[in-house]
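Visitor: The structure file structure_25.csv (CSV, C-alpha atoms and all ligand atoms) is provided below.
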chain,number,residue,atom,x,y,z
N,26,MET,CA,-27.7,76.7,93.1
N,27,ASP,CA,-29.3,80.1,93.5
N,28,THR,CA,-26.7,82.9,93.6
N,29,LYS,CA,-27.6,85.9,95.7
N,30,ILE,CA,-26.3,89.3,94.7
N,31,LEU,CA,-25.7,91.7,97.6
N,32,LYS,CA,-25.1,95.3,96.6
N,33,ILE,CA,-22.8,96.8,99.2
N,34,ILE,CA,-21.3,100.3,99.1
N,35,GLU,CA,-17.7,100.5,100.2
N,36,ASP,CA,-18.0,103.8,102.0
N,37,ASN,CA,-21.3,102.9,103.8
N,38,ILE,CA,-21.2,99.2,104.5
N,39,ASP,CA,-24.6,97.7,105.4
N,40,GLU,CA,-24.1,95.7,108.6
N,41,ASN,CA,-26.9,93.2,107.8
N,42,LEU,CA,-25.6,92.4,104.3
N,43,ILE,CA,-22.0,92.0,105.3
N,44,ASN,CA,-23.1,89.7,108.2
N,45,GLU,CA,-25.0,87.6,105.7
N,46,ALA,CA,-21.8,87.1,103.7
N,47,VAL,CA,-19.8,86.4,106.9
N,48,ASP,CA,-22.3,83.7,107.9
N,49,LYS,CA,-22.0,82.1,104.5
N,50,ILE,CA,-18.2,82.1,104.6
N,51,LYS,CA,-18.2,80.6,108.2
N,52,SER,CA,-20.6,77.9,107.2
N,53,GLY,CA,-18.4,76.7,104.3
N,54,GLY,CA,-20.1,78.6,101.4
N,55,LEU,CA,-18.6,80.6,98.5
N,56,VAL,CA,-18.7,84.4,98.5
N,57,ALA,CA,-17.3,86.5,95.6
N,58,PHE,CA,-16.2,89.9,96.9
N,59,PRO,CA,-14.5,93.0,95.5
N,60,THR,CA,-10.9,93.9,96.2
N,61,GLU,CA,-8.7,96.7,94.9
N,62,THR,CA,-7.0,94.4,92.4
N,63,VAL,CA,-9.8,92.2,90.9
N,64,TYR,CA,-12.9,90.4,92.4
N,65,GLY,CA,-12.0,87.4,94.5
N,66,LEU,CA,-13.9,84.1,95.1
N,67,GLY,CA,-13.7,83.5,98.8
N,68,ALA,CA,-14.0,80.6,101.2
N,69,ASN,CA,-13.0,79.7,104.7
N,70,GLY,CA,-9.2,79.2,104.5
N,71,PHE,CA,-9.3,76.7,107.3
N,72,ASP,CA,-12.1,74.5,105.8
N,73,GLU,CA,-10.7,72.1,103.2
N,74,SER,CA,-14.1,71.1,101.7
N,75,ALA,CA,-15.0,74.8,101.3
N,76,ALA,CA,-11.6,75.4,99.6
N,77,LYS,CA,-12.3,72.5,97.3
N,78,LYS,CA,-15.5,74.1,96.1
N,79,ILE,CA,-13.5,77.1,94.8
N,80,PHE,CA,-11.6,74.8,92.4
N,81,ILE,CA,-14.8,73.2,91.2
N,82,ALA,CA,-16.7,76.5,90.7
N,83,LYS,CA,-13.8,78.1,88.8
N,84,GLY,CA,-12.7,74.9,86.9
N,85,ARG,CA,-9.3,75.7,88.4
N,86,PRO,CA,-6.5,73.1,88.0
N,87,GLN,CA,-5.8,71.4,91.3
N,88,ASP,CA,-2.1,72.3,91.1
N,89,ASN,CA,-2.7,76.1,91.2
N,90,PRO,CA,-2.5,77.3,94.8
N,91,LEU,CA,-4.8,79.8,96.4
N,92,ILE,CA,-3.9,83.1,98.2
N,93,LEU,CA,-5.0,83.5,101.8
N,94,HIS,CA,-6.4,86.9,102.6
N,95,VAL,CA,-5.9,88.5,106.0
N,96,SER,CA,-7.1,91.7,107.7
N,97,SER,CA,-4.1,92.2,110.0
N,98,ILE,CA,-0.4,91.4,110.1
N,99,ASP,CA,-1.0,89.5,113.4
N,100,GLN,CA,-3.1,87.0,111.5
N,101,VAL,CA,-0.1,85.9,109.5
N,102,GLU,CA,1.8,84.5,112.5
N,103,GLU,CA,-0.1,81.2,112.7
N,104,LEU,CA,-0.1,80.6,109.0
N,105,VAL,CA,3.7,80.6,108.5
N,106,MET,CA,6.9,79.1,110.1
N,107,LYS,CA,8.3,82.5,110.6
N,108,ILE,CA,8.1,86.0,109.3
N,109,PRO,CA,11.5,87.2,108.1
N,110,GLU,CA,12.4,90.8,108.8
N,111,VAL,CA,12.2,91.8,105.1
N,112,ALA,CA,8.7,90.3,104.9
N,113,LYS,CA,7.6,92.3,107.9
N,114,LYS,CA,9.0,95.5,106.3
N,115,CYS,CA,7.0,94.8,103.1
N,116,MET,CA,3.8,94.1,105.0
N,117,GLU,CA,4.2,97.4,106.9
N,118,LYS,CA,5.0,99.4,103.7
N,119,PHE,CA,2.6,97.8,101.2
N,120,TRP,CA,-0.3,96.3,103.2
N,121,PRO,CA,-3.2,96.7,102.8
N,122,GLY,CA,-2.4,96.6,99.1
N,123,PRO,CA,-1.7,94.6,95.9
N,124,LEU,CA,1.3,92.6,97.2
N,125,THR,CA,1.0,88.8,97.9
N,126,ILE,CA,3.9,87.4,100.0
N,127,LEU,CA,5.0,83.8,99.8
N,128,LEU,CA,6.4,82.3,103.0
N,129,LYS,CA,7.1,78.8,104.4
N,130,LYS,CA,3.7,77.5,105.5
N,131,SER,CA,2.8,76.2,109.0
N,132,ASP,CA,0.9,73.0,109.7
N,133,LYS,CA,-2.3,75.0,110.1
N,134,VAL,CA,-2.4,75.6,106.4
N,135,SER,CA,-4.0,72.8,104.3
N,136,SER,CA,-2.1,71.4,101.3
N,137,ILE,CA,-5.4,71.9,99.4
N,138,ILE,CA,-4.8,75.6,99.7
N,139,THR,CA,-1.1,75.4,98.7
N,140,ALA,CA,-1.5,72.7,96.1
N,141,GLY,CA,1.0,70.5,97.9
N,142,LEU,CA,3.7,73.2,98.1
N,143,ASN,CA,5.5,74.0,101.4
N,144,THR,CA,4.9,77.7,100.9
N,145,VAL,CA,1.7,79.8,101.4
N,146,ALA,CA,0.7,83.0,99.6
N,147,ILE,CA,-0.8,85.7,101.8
N,148,ARG,CA,-2.1,89.2,101.2
N,149,MET,CA,-4.1,92.0,102.9
N,150,PRO,CA,-6.5,93.6,100.4
N,151,GLU,CA,-7.1,97.3,100.3
N,152,ASN,CA,-10.9,97.3,100.1
N,153,LYS,CA,-13.2,98.1,103.0
N,154,ILE,CA,-15.7,95.4,102.1
N,155,ALA,CA,-13.0,92.7,101.7
N,156,LEU,CA,-11.4,93.8,105.0
N,157,GLU,CA,-14.6,93.8,106.9
N,158,LEU,CA,-15.6,90.4,105.5
N,159,ILE,CA,-12.3,88.9,106.7
N,160,LYS,CA,-12.3,90.7,110.0
N,161,LYS,CA,-15.8,89.7,110.9
N,162,SER,CA,-15.3,86.1,109.7
N,163,ASN,CA,-12.2,86.0,112.0
N,164,ILE,CA,-10.4,83.5,109.7
N,165,PRO,CA,-8.1,83.9,106.7
N,166,ILE,CA,-10.2,83.8,103.5
N,167,ALA,CA,-8.9,81.8,100.6
N,168,ALA,CA,-9.6,83.6,97.4
N,169,PRO,CA,-8.4,83.4,93.8
N,170,SER,CA,-9.8,85.7,91.2
N,171,ALA,CA,-13.6,85.2,90.8
N,172,ASN,CA,-13.5,84.2,87.1
N,173,THR,CA,-13.8,80.9,85.3
N,174,SER,CA,-10.2,79.6,85.0
N,175,GLY,CA,-8.5,80.9,81.9
N,176,ARG,CA,-10.9,83.8,81.3
N,177,PRO,CA,-9.9,87.5,81.9
N,178,SER,CA,-10.0,88.3,85.6
N,179,PRO,CA,-13.2,90.1,86.8
N,180,THR,CA,-13.0,93.8,87.5
N,181,SER,CA,-16.7,94.3,88.1
N,182,ALA,CA,-19.6,92.3,89.7
N,183,LYS,CA,-21.0,92.0,86.1
N,184,HIS,CA,-17.9,90.0,85.1
N,185,VAL,CA,-18.3,87.7,88.1
N,186,ILE,CA,-22.0,87.1,87.3
N,187,GLU,CA,-21.1,86.3,83.7
N,188,ASP,CA,-18.7,83.5,84.9
N,189,LEU,CA,-20.1,82.2,88.2
N,190,ASN,CA,-23.8,82.9,88.5
N,191,GLY,CA,-25.4,79.6,89.7
N,192,LYS,CA,-22.1,78.3,90.9
N,193,VAL,CA,-21.5,80.3,94.1
N,194,ASP,CA,-23.7,81.3,97.1
N,195,ILE,CA,-23.2,85.0,97.1
N,196,ILE,CA,-21.7,87.7,94.8
N,197,ILE,CA,-21.1,91.0,96.6
N,198,ASP,CA,-21.4,93.9,94.1
N,199,GLY,CA,-19.2,96.6,95.4
N,200,GLY,CA,-18.5,98.5,92.2
N,201,ASN,CA,-15.4,98.4,90.0
N,202,ALA,CA,-12.0,97.2,91.1
N,203,GLY,CA,-9.6,100.1,91.1
N,204,ILE,CA,-6.3,98.6,89.9
N,205,GLY,CA,-7.8,96.0,87.6
N,206,LEU,CA,-4.8,93.6,87.6
N,207,GLU,CA,-4.0,91.0,90.1
N,208,SER,CA,-1.5,91.4,93.0
N,209,THR,CA,2.2,91.1,92.6
N,210,VAL,CA,3.4,87.7,93.9
N,211,LEU,CA,6.6,88.0,95.8
N,212,ASP,CA,8.5,84.9,97.0
N,213,LEU,CA,10.3,85.6,100.3
N,214,SER,CA,10.4,81.9,101.4
N,215,GLY,CA,13.9,81.2,100.1
N,216,GLU,CA,17.4,82.7,99.8
N,217,ILE,CA,16.6,84.9,96.8
N,218,PRO,CA,13.6,87.3,97.0
N,219,MET,CA,11.8,86.9,93.7
N,220,ILE,CA,8.8,88.4,91.9
N,221,LEU,CA,6.9,85.4,90.6
N,222,ARG,CA,4.0,87.4,89.1
N,223,PRO,CA,4.1,91.2,88.3
N,224,GLY,CA,1.2,93.2,89.6
N,225,GLY,CA,0.0,96.4,91.3
N,226,ILE,CA,3.2,96.8,93.3
N,227,THR,CA,6.1,97.2,90.9
N,228,LYS,CA,9.7,96.1,90.9
N,229,GLU,CA,10.6,99.8,91.1
N,230,ASP,CA,8.5,100.0,94.4
N,231,LEU,CA,10.0,96.9,95.9
N,232,ILE,CA,13.7,97.5,95.0
N,233,LYS,CA,13.8,100.3,97.5
N,234,ILE,CA,13.2,97.8,100.3
N,235,ILE,CA,14.8,94.7,98.7
N,236,PRO,CA,17.8,95.9,96.7
N,237,ASN,CA,18.7,92.2,95.7
N,238,ILE,CA,15.2,91.4,94.3
N,239,GLU,CA,15.0,89.3,91.2
N,240,VAL,CA,12.3,88.6,88.7
N,241,ASP,CA,11.3,85.1,87.5
N,242,PHE,CA,12.3,85.3,83.8
N,243,ALA,CA,9.2,83.2,82.9
N,244,ILE,CA,6.9,86.1,83.6
N,245,ILE,CA,8.1,88.2,80.8
N,246,LYS,CA,9.1,85.6,78.2
N,247,GLU,CA,7.0,82.7,77.1
N,248,ASP,CA,9.3,79.7,76.4
N,249,GLU,CA,8.4,76.1,76.7
N,250,ASN,CA,11.8,75.3,78.2
N,251,ILE,CA,11.3,77.7,81.1
N,252,VAL,CA,9.1,76.4,83.9
N,253,PRO,CA,7.5,79.3,85.9
N,254,LYS,CA,8.0,79.2,89.7
N,255,SER,CA,4.4,80.1,90.3
N,256,PRO,CA,2.0,77.4,89.1
N,257,GLY,CA,-0.5,79.9,87.9
N,258,GLN,CA,1.9,81.3,85.3
N,259,LYS,CA,1.9,78.0,83.5
N,260,TYR,CA,-1.5,78.4,82.0
N,261,ARG,CA,-2.9,80.4,79.1
N,262,HIS,CA,-4.6,82.9,81.3
N,263,TYR,CA,-6.7,86.0,81.2
N,264,ALA,CA,-7.7,84.8,77.7
N,265,PRO,CA,-10.4,86.3,75.5
N,266,LYS,CA,-12.4,83.8,73.4
N,267,SER,CA,-10.7,84.8,70.1
N,268,GLU,CA,-7.1,84.6,69.0
N,269,MET,CA,-5.0,87.6,70.1
N,270,ILE,CA,-1.7,88.9,68.8
N,271,VAL,CA,0.3,91.7,70.5
N,272,TYR,CA,2.7,94.0,68.7
N,273,ASN,CA,5.4,95.8,70.6
N,274,GLY,CA,8.3,98.1,69.7
N,275,GLU,CA,8.4,101.7,68.3
N,276,VAL,CA,4.9,103.1,68.5
N,277,ARG,CA,5.0,104.1,64.8
N,278,ASN,CA,5.9,100.6,63.7
N,279,ILE,CA,3.2,99.1,65.9
N,280,VAL,CA,0.5,101.3,64.3
N,281,GLU,CA,1.7,100.6,60.8
N,282,THR,CA,1.8,96.8,61.3
N,283,ILE,CA,-1.6,96.6,63.0
N,284,SER,CA,-3.1,98.7,60.2
N,285,VAL,CA,-1.7,96.5,57.5
N,286,LYS,CA,-2.7,93.3,59.4
N,287,THR,CA,-6.2,94.6,60.0
N,288,LYS,CA,-6.7,95.3,56.3
N,289,GLU,CA,-5.5,91.7,55.5
N,290,TYR,CA,-7.8,90.1,58.1
N,291,ILE,CA,-10.8,92.2,57.0
N,292,SER,CA,-10.3,91.3,53.3
N,293,ASN,CA,-10.5,87.7,54.4
N,294,GLY,CA,-13.8,88.3,56.0
N,295,LYS,CA,-12.7,88.5,59.6
N,296,ILE,CA,-14.0,90.8,62.3
N,297,VAL,CA,-11.0,92.5,63.9
N,298,GLY,CA,-10.7,94.1,67.3
N,299,ILE,CA,-7.9,96.6,67.9
N,300,ILE,CA,-6.6,97.3,71.4
N,301,CYS,CA,-4.9,100.7,71.2
N,302,THR,CA,-4.0,103.7,73.2
N,303,ASP,CA,-5.2,107.3,73.2
N,304,GLU,CA,-2.1,108.5,71.3
N,305,THR,CA,-2.8,106.0,68.4
N,306,LYS,CA,-6.5,105.7,68.3
N,307,GLU,CA,-7.2,108.1,65.4
N,308,PHE,CA,-4.7,106.3,63.1
N,309,TYR,CA,-6.9,103.2,62.8
N,310,LYS,CA,-9.5,103.5,60.1
N,311,GLU,CA,-10.9,100.0,60.2
N,312,GLY,CA,-11.8,97.4,62.7
N,313,ILE,CA,-13.4,97.8,66.1
N,314,VAL,CA,-11.1,100.1,68.0
N,315,ILE,CA,-10.9,100.4,71.8
N,316,SER,CA,-8.3,102.5,73.6
N,317,MET,CA,-7.2,101.5,77.0
N,318,GLY,CA,-6.0,105.0,77.9
N,319,SER,CA,-2.9,107.1,77.4
N,320,ARG,CA,0.6,105.6,77.1
N,321,LYS,CA,1.6,108.1,79.8
N,322,ASP,CA,-0.8,106.6,82.2
N,323,LYS,CA,-0.2,102.9,82.8
N,324,LYS,CA,-2.6,102.9,85.8
N,325,THR,CA,-5.5,103.5,83.4
N,326,ILE,CA,-4.2,101.0,80.9
N,327,ALA,CA,-4.0,98.3,83.7
N,328,HIS,CA,-7.4,99.3,84.9
N,329,ASN,CA,-9.0,98.8,81.5
N,330,LEU,CA,-7.2,95.8,80.1
N,331,PHE,CA,-9.4,92.9,81.3
N,332,ASN,CA,-12.6,94.8,80.7
N,333,THR,CA,-11.5,95.5,77.1
N,334,LEU,CA,-10.8,91.8,76.5
N,335,ARG,CA,-14.3,91.0,77.7
N,336,LEU,CA,-15.8,93.7,75.5
N,337,PHE,CA,-14.2,92.1,72.5
N,338,ASP,CA,-15.8,88.8,73.5
N,339,GLU,CA,-19.2,90.4,73.5
N,340,GLU,CA,-18.4,91.8,70.0
N,341,ASN,CA,-17.6,88.3,68.8
N,342,VAL,CA,-14.4,89.4,67.0
N,343,ASP,CA,-12.4,86.8,65.2
N,344,ILE,CA,-9.0,88.2,66.1
N,345,ILE,CA,-7.7,90.9,68.5
N,346,LEU,CA,-4.6,92.9,67.5
N,347,GLY,CA,-3.2,94.6,70.5
N,348,GLU,CA,-0.6,97.3,71.1
N,349,GLY,CA,2.2,96.5,73.6
N,350,VAL,CA,3.7,99.0,76.1
N,351,ASP,CA,7.2,99.4,77.5
N,352,PHE,CA,8.1,97.3,80.6
N,353,SER,CA,8.7,100.1,83.1
N,354,PHE,CA,6.6,100.3,86.3
N,355,LEU,CA,3.2,98.7,85.7
N,356,GLY,CA,4.3,97.9,82.1
N,357,THR,CA,5.7,94.6,83.2
N,358,ALA,CA,2.4,93.5,84.7
N,359,ILE,CA,0.4,94.7,81.7
N,360,MET,CA,2.7,92.9,79.2
N,361,ASN,CA,2.7,89.7,81.4
N,362,ARG,CA,-1.1,89.7,81.2
N,363,MET,CA,-1.0,90.4,77.4
N,364,MET,CA,1.5,87.6,77.0
N,365,LYS,CA,-0.8,85.2,78.8
N,366,ALA,CA,-3.9,86.4,77.0
N,367,SER,CA,-2.3,85.9,73.6
N,368,GLY,CA,-0.7,82.6,74.5
N,369,GLY,CA,2.7,84.2,74.1
N,370,LYS,CA,2.1,85.8,70.7
N,371,ILE,CA,4.0,89.0,71.2
N,372,ILE,CA,5.7,90.2,68.0
N,373,GLU,CA,8.5,92.8,68.1
N,374,VAL,CA,8.1,95.3,65.2
F,1,LIG,P1,-5.2,84.3,91.6
F,1,LIG,O1,-5.6,84.5,93.0
F,1,LIG,O2,-6.2,83.5,90.8
F,1,LIG,O3,-4.8,85.5,90.9
F,1,LIG,O4,-4.0,83.3,91.6
F,1,LIG,C1,-3.0,83.3,92.6
F,1,LIG,C2,-1.6,83.2,92.1
F,1,LIG,O5,-0.7,83.1,93.1
F,1,LIG,C3,-1.4,82.1,91.1
F,1,LIG,O6,-0.6,82.5,90.0
F,1,LIG,C4,-0.7,81.1,92.0
F,1,LIG,O7,0.0,80.2,91.2
F,1,LIG,C5,0.1,82.0,92.9
F,1,LIG,N1,0.5,81.3,94.1
F,1,LIG,C6,-0.4,81.1,95.2
F,1,LIG,N2,0.3,80.4,96.1
F,1,LIG,C7,1.5,80.1,95.6
F,1,LIG,C8,2.6,79.4,96.1
F,1,LIG,N3,2.6,78.8,97.3
F,1,LIG,N4,3.8,79.3,95.4
F,1,LIG,C9,3.8,79.9,94.1
F,1,LIG,N5,2.8,80.6,93.6
F,1,LIG,C10,1.6,80.7,94.4
F,2,MG,MG,-6.7,84.2,88.7
Output the file's structure in the form of structure tokens.
Guide:
Amino acid sequence: MDTKILKIIEDNIDENLINEAVDKIKSGGLVAFPTETVYGLGANGFDESAAKKIFIAKGRPQDNPLILHVSSIDQVEELVMKIPEVAKKCMEKFWPGPLTILLKKSDKVSSIITAGLNTVAIRMPENKIALELIKKSNIPIAAPSANTSGRPSPTSAKHVIEDLNGKVDIIIDGGNAGIGLESTVLDLSGEIPMILRPGGITKEDLIKIIPNIEVDFAIIKEDENIVPKSPGQKYRHYAPKSEMIVYNGEVRNIVETISVKTKEYISNGKIVGIICTDETKEFYKEGIVISMGSRKDKKTIAHNLFNTLRLFDEENVDIILGEGVDFSFLGTAIMNRMMKASGGKIIEV
């Protein structure tokens, strides 16, 4: 398949180009598009055969459900049994934005989308290209991240092209994704409101509206005896090609341990990549060192994480040694992705 790249500027959307993408979605094709979290791979959410194509293009396991993207709160009505008061409040406060809400699904939503579950995940993205695409298509757009399953999520069109060129109809190049991590998945379908995946909207943000909110323990601790409530959290995810180990604890201990380990690996002939922070960068004398930003600025760290993992793939490193961060605010989402990327290899030092 020939993949067409459409360059669209968010603040000056070309009518003809967006219409071309809309037509492709309506006729059952696949269109990758930018959102504020990461790039999404979109298809008509009411077209089962289009949705099936998403799983094939990504190599996504069938049991991992898709998020439906809407451009208005009204659009949610027909997709769910009912919208509880707390869900409405969250939509009004955080949409458009990086919050995905799980509710009991209506009959209109195919079980292909929900992977057989009786809940559906819905979000309104905060990106003008994405919103225009959904609005003009006049249907919910099913869209997981636009990467090959298991690889780091794409934060630029370049990443999407790396993974999906030749496998999708259109890739919209709309610049870099601002947040750089996927949305928070919040389950409001049952008795207990629960965060199933940490993301751009933090627990600290949500607790103001939902004082009794809980966090699925599986998202911060990898343990084979704990089954995550969100199917996507089961898999080794966001993973670079090489092995990765993350060290967390006192910053001084992290730097010391990574330095010692780097020396060891290099003396065994390995190429070592180090993911560090601005505060620690100068202490590393060996290895390929990339800082994700300042420890005081988790937004920047979140923004750079997936790109950094892909950069190390390009460098063909044998092992990545990464610095962990504390779990406050975006720290939970960052550490969740690092946990998944490393296959749970987080070592306290
Ligand atoms: P992605 O869009 O690739 O970032 O993945 C969407 C995430 O939302 C995955 O982790 C899914 O498992 C999760 N998700 C989507 N729908 C549901 C659902 N009905 N119940 C639980 N998790 C869901
Ligand atoms: Mg994904």
Visitor: What is the atom CA of Ile98 of chain N-atom CA of Ile154 of chain N distance in Å, reported with one decimal?
Guide: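 Taking atom CA of Ile98 of chain N as the start and atom CA of Ile154 of chain N as the end point, the length is 17.7 Å.
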Visitor: So the first atom is atom CA of Thr305 of chain N and the second is atom CA of Val276 of chain N; what is the distance between them in Å, to one decimal place?
Guide: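 So the answer is 8.2 Å.
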Visitor: Please write out the residues within 8 Å of ligand MG 2 (chain F) as JSON, numbers by chain, counting only C-alpha atoms and all ligand atoms.
Guide: {"N": [169, 170, 171, 172, 174, 175, 178, 207, 257, 262, 263]}
Visitor: Please report the interatomic distance between atom CA of Glu340 of chain N and atom CA of Lys266 of chain N in Å with one decimal.
Guide: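 Between atom CA of Glu340 of chain N and atom CA of Lys266 of chain N the gap works out to 10.6 Å.
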Visitor: To check your reading of the model: which residues sit at most 8 Å from ligand LIG 1 (chain F) when counting only C-alpha atoms and all ligand atoms? Write the answer as a ChimeraX atom specification.
Guide: /N:65,89-92,125,127-128,138-140,142-147,168-171,178,207-208,210,212,221-222,254-258
Visitor: Only C-alpha atoms, please: the residues just picked out, written as a PDB file, in the frame of the given file.
Guide:
ATOM      1  CA  GLY N  65     -12.000  87.400  94.500  1.00  0.00           C
ATOM      2  CA  ASN N  89      -2.700  76.100  91.200  1.00  0.00           C
ATOM      3  CA  PRO N  90      -2.500  77.300  94.800  1.00  0.00           C
ATOM      4  CA  LEU N  91      -4.800  79.800  96.400  1.00  0.00           C
ATOM      5  CA  ILE N  92      -3.900  83.100  98.200  1.00  0.00           C
ATOM      6  CA  THR N 125       1.000  88.800  97.900  1.00  0.00           C
ATOM      7  CA  LEU N 127       5.000  83.800  99.800  1.00  0.00           C
ATOM      8  CA  LEU N 128       6.400  82.300 103.000  1.00  0.00           C
ATOM      9  CA  ILE N 138      -4.800  75.600  99.700  1.00  0.00           C
ATOM     10  CA  THR N 139      -1.100  75.400  98.700  1.00  0.00           C
ATOM     11  CA  ALA N 140      -1.500  72.700  96.100  1.00  0.00           C
ATOM     12  CA  LEU N 142       3.700  73.200  98.100  1.00  0.00           C
ATOM     13  CA  ASN N 143       5.500  74.000 101.400  1.00  0.00           C
ATOM     14  CA  THR N 144       4.900  77.700 100.900  1.00  0.00           C
ATOM     15  CA  VAL N 145       1.700  79.800 101.400  1.00  0.00           C
ATOM     16  CA  ALA N 146       0.700  83.000  99.600  1.00  0.00           C
ATOM     17  CA  ILE N 147      -0.800  85.700 101.800  1.00  0.00           C
ATOM     18  CA  ALA N 168      -9.600  83.600  97.400  1.00  0.00           C
ATOM     19  CA  PRO N 169      -8.400  83.400  93.800  1.00  0.00           C
ATOM     20  CA  SER N 170      -9.800  85.700  91.200  1.00  0.00           C
ATOM     21  CA  ALA N 171     -13.600  85.200  90.800  1.00  0.00           C
ATOM     22  CA  SER N 178     -10.000  88.300  85.600  1.00  0.00           C
ATOM     23  CA  GLU N 207      -4.000  91.000  90.100  1.00  0.00           C
ATOM     24  CA  SER N 208      -1.500  91.400  93.000  1.00  0.00           C
ATOM     25  CA  VAL N 210       3.400  87.700  93.900  1.00  0.00           C
ATOM     26  CA  ASP N 212       8.500  84.900  97.000  1.00  0.00           C
ATOM     27  CA  LEU N 221       6.900  85.400  90.600  1.00  0.00           C
ATOM     28  CA  ARG N 222       4.000  87.400  89.100  1.00  0.00           C
ATOM     29  CA  LYS N 254       8.000  79.200  89.700  1.00  0.00           C
ATOM     30  CA  SER N 255       4.400  80.100  90.300  1.00  0.00           C
ATOM     31  CA  PRO N 256       2.000  77.400  89.100  1.00  0.00           C
ATOM     32  CA  GLY N 257      -0.500  79.900  87.900  1.00  0.00           C
ATOM     33  CA  GLN N 258       1.900  81.300  85.300  1.00  0.00           C
TER      34      GLN N 258
END
Visitor: As a ChimeraX atom specification, please: the residues near segment 184-199 of chain N (cut-off 8 Å, only C-alpha atoms, same-chain neighbours under 5 positions excluded).
Guide: /N:26-35,46,49,54-59,64,82-83,154,171-173,179
Visitor: Write out as a ChimeraX atom specification each polymer residue whose atoms come within 12 Å of Met363 of chain N, counting only C-alpha atoms; drop sequence neighbours fewer than 6 positions from it.
Guide: /N:177,206,244-247,261-265,268-273,300,326-327,330-331,333-334,345-350,352,356-357,369-372
Visitor: Any idea what's packed within 9 Å of Ile315 of chain N, counting only C-alpha atoms, ignoring anything in its chain fewer than 4 positions away? Could you give it as a list of chain:residue names?
Guide: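 Everything that qualifies: N:Gly298, N:Ile299, N:Ile300, N:Cys301, N:Thr302, N:Lys306, N:Thr333, N:Phe337.
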Visitor: Hey, which of N:Ile126, N:Val374, N:Ile226, N:Val240 ends up closest to Phe354 of chain N? Count all atoms listed in the file.
Guide: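 Smallest separation from Phe354 of chain N among the options: N:Ile226.
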Visitor: I need the residue nearest Pro109 of chain N from this list: N:Gly200, N:Leu213, N:Asp230, N:Ser135. Use all atoms listed in the file for the distance.
Guide: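 For Pro109 of chain N, the nearest of the candidates is N:Leu213.
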Visitor: From the list N:Glu281, N:Ser267, N:Leu42, N:Ile359, which residue is nearest Asn341 of chain N when using all atoms listed in the file?
Guide: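 The shortest atom-to-atom distance to Asn341 of chain N comes from N:Ser267.
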Visitor: N:Val297, N:Ile232, N:Met360, N:Ile204: which is nearest Lys324 of chain N, counting all atoms listed in the file?
Guide: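 Among the listed residues, N:Ile204 lies closest to Lys324 of chain N.
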Visitor: The centre and edge lengths of an axis-aligned box containing all atoms of segment 295-302 of chain N present in the file, extended by 8 Å on each side, are to be given in Å to one decimal, as lines of an AutoDock Vina configuration file.
Guide:
center_x = -9.0
center_y = 96.1
center_z = 66.4
size_x = 26.0
size_y = 31.2
size_z = 29.6
Visitor: Residues at most 12 Å from Val95 of chain N, counting all atoms listed in the file, excluding those fewer than 4 positions away in the same chain, as a PyMOL selection string?
Guide: chain N and resi 67+69-70+99-104+116+120-122+125-126+146-152+155-168
Visitor: Generate the coordinates of N, CA and C atoms for segment 238-248 of chain N; report them as a PDB file, in the frame of the given file.
Guide:
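Saved to selection-v8.pdb:
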ATOM      1  N   ILE N 238      16.376  92.136  94.845  1.00  0.00           N
ATOM      2  CA  ILE N 238      15.200  91.400  94.300  1.00  0.00           C
ATOM      3  C   ILE N 238      15.431  90.975  92.871  1.00  0.00           C
ATOM      4  N   GLU N 239      14.903  89.801  92.569  1.00  0.00           N
ATOM      5  CA  GLU N 239      15.000  89.300  91.200  1.00  0.00           C
ATOM      6  C   GLU N 239      13.605  89.042  90.635  1.00  0.00           C
ATOM      7  N   VAL N 240      13.555  88.895  89.313  1.00  0.00           N
ATOM      8  CA  VAL N 240      12.300  88.600  88.700  1.00  0.00           C
ATOM      9  C   VAL N 240      12.346  87.278  87.976  1.00  0.00           C
ATOM     10  N   ASP N 241      11.342  86.432  88.197  1.00  0.00           N
ATOM     11  CA  ASP N 241      11.300  85.100  87.500  1.00  0.00           C
ATOM     12  C   ASP N 241      11.190  85.422  86.006  1.00  0.00           C
ATOM     13  N   PHE N 242      12.191  84.959  85.268  1.00  0.00           N
ATOM     14  CA  PHE N 242      12.300  85.300  83.800  1.00  0.00           C
ATOM     15  C   PHE N 242      11.018  84.810  83.089  1.00  0.00           C
ATOM     16  N   ALA N 243      10.375  83.755  83.603  1.00  0.00           N
ATOM     17  CA  ALA N 243       9.200  83.200  82.900  1.00  0.00           C
ATOM     18  C   ALA N 243       8.040  84.137  82.806  1.00  0.00           C
ATOM     19  N   ILE N 244       8.023  85.182  83.637  1.00  0.00           N
ATOM     20  CA  ILE N 244       6.900  86.100  83.600  1.00  0.00           C
ATOM     21  C   ILE N 244       6.885  87.074  82.463  1.00  0.00           C
ATOM     22  N   ILE N 245       8.063  87.230  81.855  1.00  0.00           N
ATOM     23  CA  ILE N 245       8.100  88.200  80.800  1.00  0.00           C
ATOM     24  C   ILE N 245       8.484  87.528  79.424  1.00  0.00           C
ATOM     25  N   LYS N 246       8.799  86.259  79.478  1.00  0.00           N
ATOM     26  CA  LYS N 246       9.100  85.600  78.200  1.00  0.00           C
ATOM     27  C   LYS N 246       8.493  84.211  78.207  1.00  0.00           C
ATOM     28  N   GLU N 247       7.651  83.988  77.210  1.00  0.00           N
ATOM     29  CA  GLU N 247       7.000  82.700  77.100  1.00  0.00           C
ATOM     30  C   GLU N 247       7.948  81.751  76.356  1.00  0.00           C
ATOM     31  N   ASP N 248       8.360  80.693  77.023  1.00  0.00           N
ATOM     32  CA  ASP N 248       9.300  79.700  76.400  1.00  0.00           C
ATOM     33  C   ASP N 248       9.026  78.393  77.041  1.00  0.00           C
TER      34      ASP N 248
END
